[in-house]
$ cat entry.txt   # compact mmCIF, C-alpha atoms and all ligand atoms
# COMPACT_ATOMS: atom_id res chain seq x y z
CA MET A 1 0.00 0.00 0.00
CA LYS A 2 1.34 3.43 -0.91
CA SER A 3 1.81 5.95 1.90
CA THR A 4 -0.78 8.30 0.38
CA GLU A 5 -3.31 5.49 0.32
CA ARG A 6 -2.54 4.44 3.89
CA ARG A 7 -2.81 8.02 5.16
CA GLU A 8 -6.11 8.51 3.49
CA LYS A 9 -7.44 5.24 4.94
CA LEU A 10 -6.17 6.20 8.33
CA VAL A 11 -8.02 9.52 8.30
CA SER A 12 -11.31 8.05 7.18
CA TRP A 13 -11.00 5.28 9.78
CA LEU A 14 -10.27 7.86 12.45
CA GLU A 15 -13.24 9.94 11.40
CA LYS A 16 -15.45 6.93 12.03
CA VAL A 17 -14.03 5.87 15.40
CA GLY A 18 -12.71 9.12 16.88
CA THR A 19 -9.44 7.81 18.33
CA LEU A 20 -6.95 5.07 17.50
CA SER A 21 -4.00 3.68 19.39
CA LEU A 22 -0.61 3.27 17.81
CA SER A 23 -0.77 -0.51 18.06
CA GLU A 24 -4.17 -0.63 16.39
CA MET A 25 -2.75 1.25 13.42
CA VAL A 26 0.43 -0.84 13.33
CA ASP A 27 -1.60 -4.06 13.40
CA TYR A 28 -4.10 -2.95 10.84
CA PHE A 29 -1.66 -1.64 8.24
CA GLY A 30 1.05 -4.20 8.97
CA VAL A 31 3.79 -1.57 8.97
CA SER A 32 6.37 -0.49 11.55
CA LYS A 33 5.74 1.99 14.36
CA MET A 34 8.18 4.33 12.62
CA THR A 35 6.06 4.33 9.50
CA ILE A 36 2.91 5.13 11.46
CA HIS A 37 4.76 7.92 13.30
CA ARG A 38 5.80 9.40 9.97
CA ASP A 39 2.23 9.18 8.68
CA LEU A 40 0.90 10.83 11.82
CA ASP A 41 3.48 13.62 11.62
CA TRP A 42 2.55 14.30 8.03
CA LEU A 43 -1.17 14.24 8.80
CA VAL A 44 -0.74 16.53 11.82
CA GLN A 45 1.16 18.99 9.64
CA ASN A 46 -1.70 18.89 7.20
CA LYS A 47 -4.24 19.34 9.97
CA ALA A 48 -5.96 16.07 9.17
CA LEU A 49 -5.76 14.74 12.74
CA LYS A 50 -4.11 15.39 16.07
CA ARG A 51 -1.79 13.26 18.15
CA ILE A 52 -2.82 12.10 21.56
CA HIS A 53 -0.86 10.04 24.08
CA GLY A 54 -0.24 6.65 22.46
CA GLY A 55 -2.16 7.33 19.31
CA ALA A 56 -4.15 9.76 17.23
CA ALA A 57 -7.50 11.48 17.42
CA CYS A 58 -9.81 12.94 14.92
CA ILE A 59 -9.73 16.74 14.79
CA GLU A 60 -12.61 18.31 16.64
CA ARG A 61 -14.85 20.29 14.39
CA PRO A 62 -16.24 23.60 15.64
CA SER A 63 -19.38 21.80 16.77
CA GLY A 64 -17.26 19.32 18.74
CA GLN A 65 -18.73 16.44 16.78
CA LEU A 66 -17.42 14.03 14.24
CA PRO A 67 -17.61 15.34 10.68
CA ASP A 68 -21.14 14.98 9.54
CA ASN A 69 -21.24 13.38 6.13
CA SER A 70 -24.99 13.09 6.15
CA PHE A 71 -26.58 13.97 2.88
CA ASP A 72 -28.97 16.39 4.61
CA ARG A 73 -26.10 18.63 5.54
CA LEU A 74 -24.02 18.20 2.40
CA SER A 75 -26.99 18.81 0.14
CA LEU A 76 -27.06 22.40 1.40
CA LEU A 77 -23.71 22.98 -0.31
CA LYS A 78 -23.38 23.66 -4.03
CA CYS A 79 -21.01 22.00 -6.45
CA LEU A 80 -17.63 23.73 -6.28
CA ILE A 81 -17.18 23.38 -10.03
CA CYS A 82 -20.59 24.07 -11.57
CA ASN A 83 -22.67 25.34 -8.66
CA ARG A 84 -25.40 22.76 -9.04
CA PRO A 85 -26.92 21.11 -5.98
CA PRO A 86 -25.64 17.55 -5.45
CA SER A 87 -27.85 14.49 -5.58
CA GLN A 88 -27.40 11.65 -3.11
CA GLN A 89 -26.51 9.04 -5.74
CA LEU A 90 -23.81 11.18 -7.33
CA LEU A 91 -22.41 13.15 -4.42
CA TYR A 92 -18.66 13.60 -4.22
CA THR A 93 -17.12 15.32 -1.23
CA ILE A 94 -13.60 16.58 -0.65
CA THR A 95 -11.86 17.67 2.53
CA LEU A 96 -9.08 20.19 2.04
CA ARG A 97 -5.90 20.68 4.05
CA ASN A 98 -7.42 23.64 5.86
CA GLY A 99 -10.28 21.42 7.03
CA GLU A 100 -12.82 22.92 4.67
CA GLN A 101 -15.25 20.50 3.13
CA LYS A 102 -16.33 20.89 -0.49
CA VAL A 103 -19.02 19.15 -2.42
CA ALA A 104 -19.30 18.25 -6.10
CA CYS A 105 -22.56 17.45 -7.88
CA CYS A 106 -21.15 14.26 -9.37
CA PRO A 107 -17.87 12.35 -9.71
CA HIS A 108 -17.20 14.23 -12.94
CA CYS A 109 -16.96 17.51 -11.05
CA GLY A 110 -15.30 15.74 -8.10
CA ILE A 111 -12.47 14.52 -10.29
CA SER A 112 -12.24 17.95 -11.96
CA ALA A 113 -11.79 19.38 -8.47
CA HIS A 114 -8.85 17.04 -7.85
CA LEU A 115 -7.24 18.28 -11.04
CA MET A 116 -7.85 21.85 -9.96
CA LEU A 117 -6.91 21.61 -6.27
CA GLY A 118 -4.09 19.06 -6.50
CA ASP A 119 -2.45 18.27 -3.18
CA GLN A 120 -4.74 20.58 -1.22
CA VAL A 121 -7.09 17.61 -1.13
CA VAL A 122 -6.63 15.46 1.97
CA THR A 123 -9.55 13.05 1.65
CA ALA A 124 -12.32 12.44 -0.84
CA LEU A 125 -15.50 10.43 -0.55
CA THR A 126 -17.85 9.48 -3.32
CA ALA A 127 -21.35 8.03 -3.31
CA ASP A 128 -22.05 4.57 -4.61
CA PHE A 129 -24.30 5.11 -7.59
CA LEU A 130 -26.71 2.35 -6.54
CA SER A 131 -26.91 2.85 -2.79
CA GLY A 132 -25.78 6.45 -2.33
CA ARG A 133 -23.35 5.18 0.34
CA LEU A 134 -20.22 7.30 0.72
CA HIS A 135 -16.89 5.52 0.44
CA SER A 136 -13.28 6.38 -0.35
CA ALA A 137 -12.89 7.90 -3.80
CA GLN A 138 -9.39 6.43 -4.08
CA HIS A 139 -10.79 2.94 -3.82
CA SER A 140 -13.94 3.36 -5.80
CA TYR A 141 -14.70 1.82 -9.20
CA TYR A 142 -15.37 4.31 -11.95
CA VAL A 143 -17.59 3.84 -14.98
CA MET A 144 -16.67 6.53 -17.45
CA GLU A 145 -18.69 7.78 -20.36
CA GLY A 146 -21.54 5.30 -20.30
CA VAL A 147 -24.57 5.92 -22.52
CA VAL A 148 -26.57 7.48 -19.73
CA ALA A 149 -25.33 10.80 -18.42
CA TYR A 150 -27.07 11.64 -15.15
CA CYS A 151 -25.30 14.88 -14.45
CA CYS A 152 -22.23 16.40 -16.09
CA LYS A 153 -20.75 15.15 -19.33
CA PRO A 154 -18.80 13.09 -20.05
CA SER A 155 -20.42 11.18 -17.25
CA ILE A 156 -18.45 9.44 -14.51
CA LEU A 157 -20.25 7.17 -12.04
CA THR A 158 -18.74 5.55 -8.96
CA PHE A 159 -19.44 2.19 -7.31
CA ASP A 160 -18.10 0.78 -4.08
CA ASP A 161 -18.39 -2.74 -5.41
CA GLU A 162 -16.40 -3.93 -8.42
CA GLU A 163 -18.95 -6.48 -9.49
CA MET A 164 -21.81 -3.98 -9.48
CA ALA A 165 -19.67 -1.55 -11.47
CA LEU A 166 -18.91 -4.27 -13.98
CA ARG A 167 -22.58 -5.21 -14.31
CA PHE A 168 -23.55 -1.62 -14.79
CA GLN A 169 -20.87 -1.14 -17.41
CA LYS A 170 -22.04 -4.24 -19.28
CA GLY A 171 -25.59 -2.93 -19.31
CA PHE A 172 -24.98 0.72 -20.04
CA GLY A 173 -21.59 0.85 -21.71
CA GLY A 174 -18.59 2.99 -20.85
CA THR A 175 -15.19 2.05 -19.50
CA LEU A 176 -14.45 0.69 -16.08
CA GLY A 177 -11.44 2.04 -14.22
CA ARG A 178 -10.01 3.14 -10.91
CA PHE A 179 -9.37 6.59 -9.47
CA ASN A 180 -6.25 7.23 -11.54
CA ASP A 181 -8.03 6.16 -14.72
CA ALA A 182 -10.78 8.66 -14.01
CA ILE A 183 -8.20 11.41 -13.47
CA ALA A 184 -6.48 10.52 -16.74
CA PHE A 185 -9.81 10.29 -18.54
CA LEU A 186 -10.89 13.74 -17.47
CA LYS A 187 -7.50 15.30 -18.09
CA LYS A 188 -7.65 14.06 -21.66
CA ASP A 189 -11.22 15.24 -22.07
CA MET A 190 -10.43 18.66 -20.70
CA SER A 191 -7.43 19.11 -22.93
CA LEU A 192 -9.55 18.18 -25.96
CA HIS A 193 -12.23 20.73 -25.25
CA ASN A 194 -11.56 23.42 -22.79
CA PRO A 195 -8.60 23.84 -20.45
CA GLU A 196 -10.80 25.84 -18.06
CA GLY A 197 -12.94 22.88 -17.06
CA CYS A 198 -15.91 20.82 -18.13
CA PRO A 199 -17.53 22.49 -21.15
CA HIS A 200 -20.91 21.11 -20.14
CA CYS A 201 -20.64 22.50 -16.62
CA SER A 202 -19.38 25.90 -17.71
CA SER A 203 -22.07 26.35 -20.36
CA LEU A 204 -24.72 25.34 -17.83
CA SER A 205 -23.61 27.78 -15.19
CA ARG A 206 -23.46 30.51 -17.81
CA LYS A 207 -27.03 29.83 -18.85
CA GLU A 208 -28.23 30.02 -15.27
CA GLU A 209 -26.66 33.40 -14.67
ZN ZN B 1 -20.76 20.05 -10.87
ZN ZN B 2 -22.34 17.03 -12.19
$ encode --input "entry.txt" --output "structure tokens" --more "lines below"
Ligand SMILES: [Zn+2]
Ligand SMILES: [Zn+2]
Amino acid sequence: MKSTERREKLVSWLEKVGTLSLSEMVDYFGVSKMTIHRDLDWLVQNKALKRIHGGAACIERPSGQLPDNSFDRLSLLKCLICNRPPSQQLLYTITLRNGEQKVACCPHCGISAHLMLGDQVVTALTADFLSGRLHSAQHSYYVMEGVVAYCCKPSILTFDDEEMALRFQKGFGGTLGRFNDAIAFLKKDMSLHNPEGCPHCSSLSRKEE
């Protein structure tokens, strides 16, 4: 497992449980204490967590609660790329280094945001297209450019289960890939059309103005 992947997993795990001990992290990731210490140092520097005696704790939000990834709250935010309200099935959410949480209307805009924000992104979650369940964007399965475009074009849909993604792709076309494939796919698409961003998104937001 790459360090970036492990750090991202660590943060999302911590956000679920609140605190973790050093030995829990060592056991889970099967790496040395030194490695975990380095991860924690890096994550502390990037304000993704704080260190406590013998382990790490999730950063307290202003409300003193765990980050609330409920759709009710996130649906109040607008897409950071095209300003559209997100839908539960397509939601993509990004946490930045400064702790700010951003929302994208669909994985298309979510991936565009990665291209735009680069290493300011600490964690990203995406909804499973069938269940709406949020899961790690790095580990999701991406169906790109299927025949049905539910939001922005070219469409990108995410699935937390490989088999479901494969079934969907068989039924509705498109290409199946992982996070890096989706990044590469959108990069190529953007360079073909418009270096500013998704042409579909930008024309839509212009029309609404
Ligand atoms: Zn959007
Ligand atoms: Zn969209």
$ residues_near_ligand --input "entry.txt" --ligand "ligand ZN 1 (chain B)" --cutoff "8 Å" --atoms "only C-alpha atoms and all ligand atoms" --output "list in words"
Cys79, Leu80, Ile81, Cys82, Asn83, Arg84, Pro85, Pro86, Ala104, Cys105, Cys106, His108, Cys109, Gly110, Cys151, Cys152 and Cys201 of chain A
$ residues_around --input "entry.txt" --residues "Ser23 in chain A" --least-positions-apart "6" --cutoff "10 Å" --atoms "all atoms listed in the file" --output "ChimeraX atom specification"
/A:29-30,32-33,36,54-55
$ atom_distance --input "entry.txt" --atom1 "CA of Tyr142 in chain A" --atom2 "CA of Leu130 in chain A"
12.7 Å
$ axis_aligned_box --input "entry.txt" --around "range 83-93 of chain A" --padding-each-side "8 Å" --output "lines of an AutoDock Vina configuration file"
center_x = -22.5
center_y = 17.2
center_z = -5.1
size_x = 26.7
size_y = 32.3
size_z = 23.8
$ atom_distance --input "entry.txt" --atom1 "CA of Asp189 in chain A" --atom2 "CA of Tyr141 in chain A"
18.9 Å
$ closest_residue --input "entry.txt" --among "A:Lys188, A:Lys78, A:Lys47, A:Arg97" --to "ligand ZN 2 (chain B)" --atoms "all atoms listed in the file"
A:Lys78
$ residues_around --input "entry.txt" --residues "Ala127 in chain A" --least-positions-apart "6" --cutoff "9 Å" --atoms "only C-alpha atoms" --output "list in words"
Gln88, Gln89, Leu90, Leu91, Tyr92, Thr93, Cys106, Pro107, Arg133, Leu134, His135, Ser136, Ala137, Leu157, Thr158, Phe159 and Asp160 of chain A
$ atom_distance --input "entry.txt" --atom1 "CA of Tyr28 in chain A" --atom2 "CA of Ile183 in chain A"
28.5 Å
$ closest_residue --input "entry.txt" --among "A:Val103, A:Leu43, A:Val11, A:Leu49" --to "ligand ZN 2 (chain B)" --atoms "all atoms listed in the file"
A:Val103
$ residues_around --input "entry.txt" --residues "Glu163 in chain A" --least-positions-apart "4" --cutoff "12 Å" --atoms "only C-alpha atoms" --output "VMD selection string"
chain A and resid 140 to 143 159 167 to 170 176
$ closest_residue --input "entry.txt" --among "A:Ser131, A:Asn98, A:Ser155, A:Thr123" --to "ligand ZN 2 (chain B)" --atoms "all atoms listed in the file"
A:Ser155
$ closest_residue --input "entry.txt" --among "A:Val147, A:Leu117, A:Ala56, A:Ile156" --to "Phe129 in chain A" --atoms "only C-alpha atoms"
A:Ile156
$ residues_around --input "entry.txt" --residues "Asn69 in chain A" --least-positions-apart "2" --cutoff "12 Å" --atoms "all atoms listed in the file" --output "PyMOL selection string"
chain A and resi 12+15-16+65-67+71-77+88+91-95+101-103+124-127+132-135
$ closest_residue --input "entry.txt" --among "A:Ala149, A:Gly173, A:Asn180, A:Phe185" --to "ligand ZN 2 (chain B)" --atoms "all atoms listed in the file"
A:Ala149
$ closest_residue --input "entry.txt" --among "A:Asp128, A:Met116, A:His139, A:Asp181" --to "Met1 in chain A" --atoms "only C-alpha atoms"
A:His139
$ residues_around --input "entry.txt" --residues "Ser21 in chain A" --least-positions-apart "3" --cutoff "10 Å" --atoms "all atoms listed in the file" --output "list of chain:residue names"
A:Glu24, A:Met25, A:Val26, A:Arg51, A:Ile52, A:His53, A:Gly54, A:Gly55, A:Ala56, A:Ala57
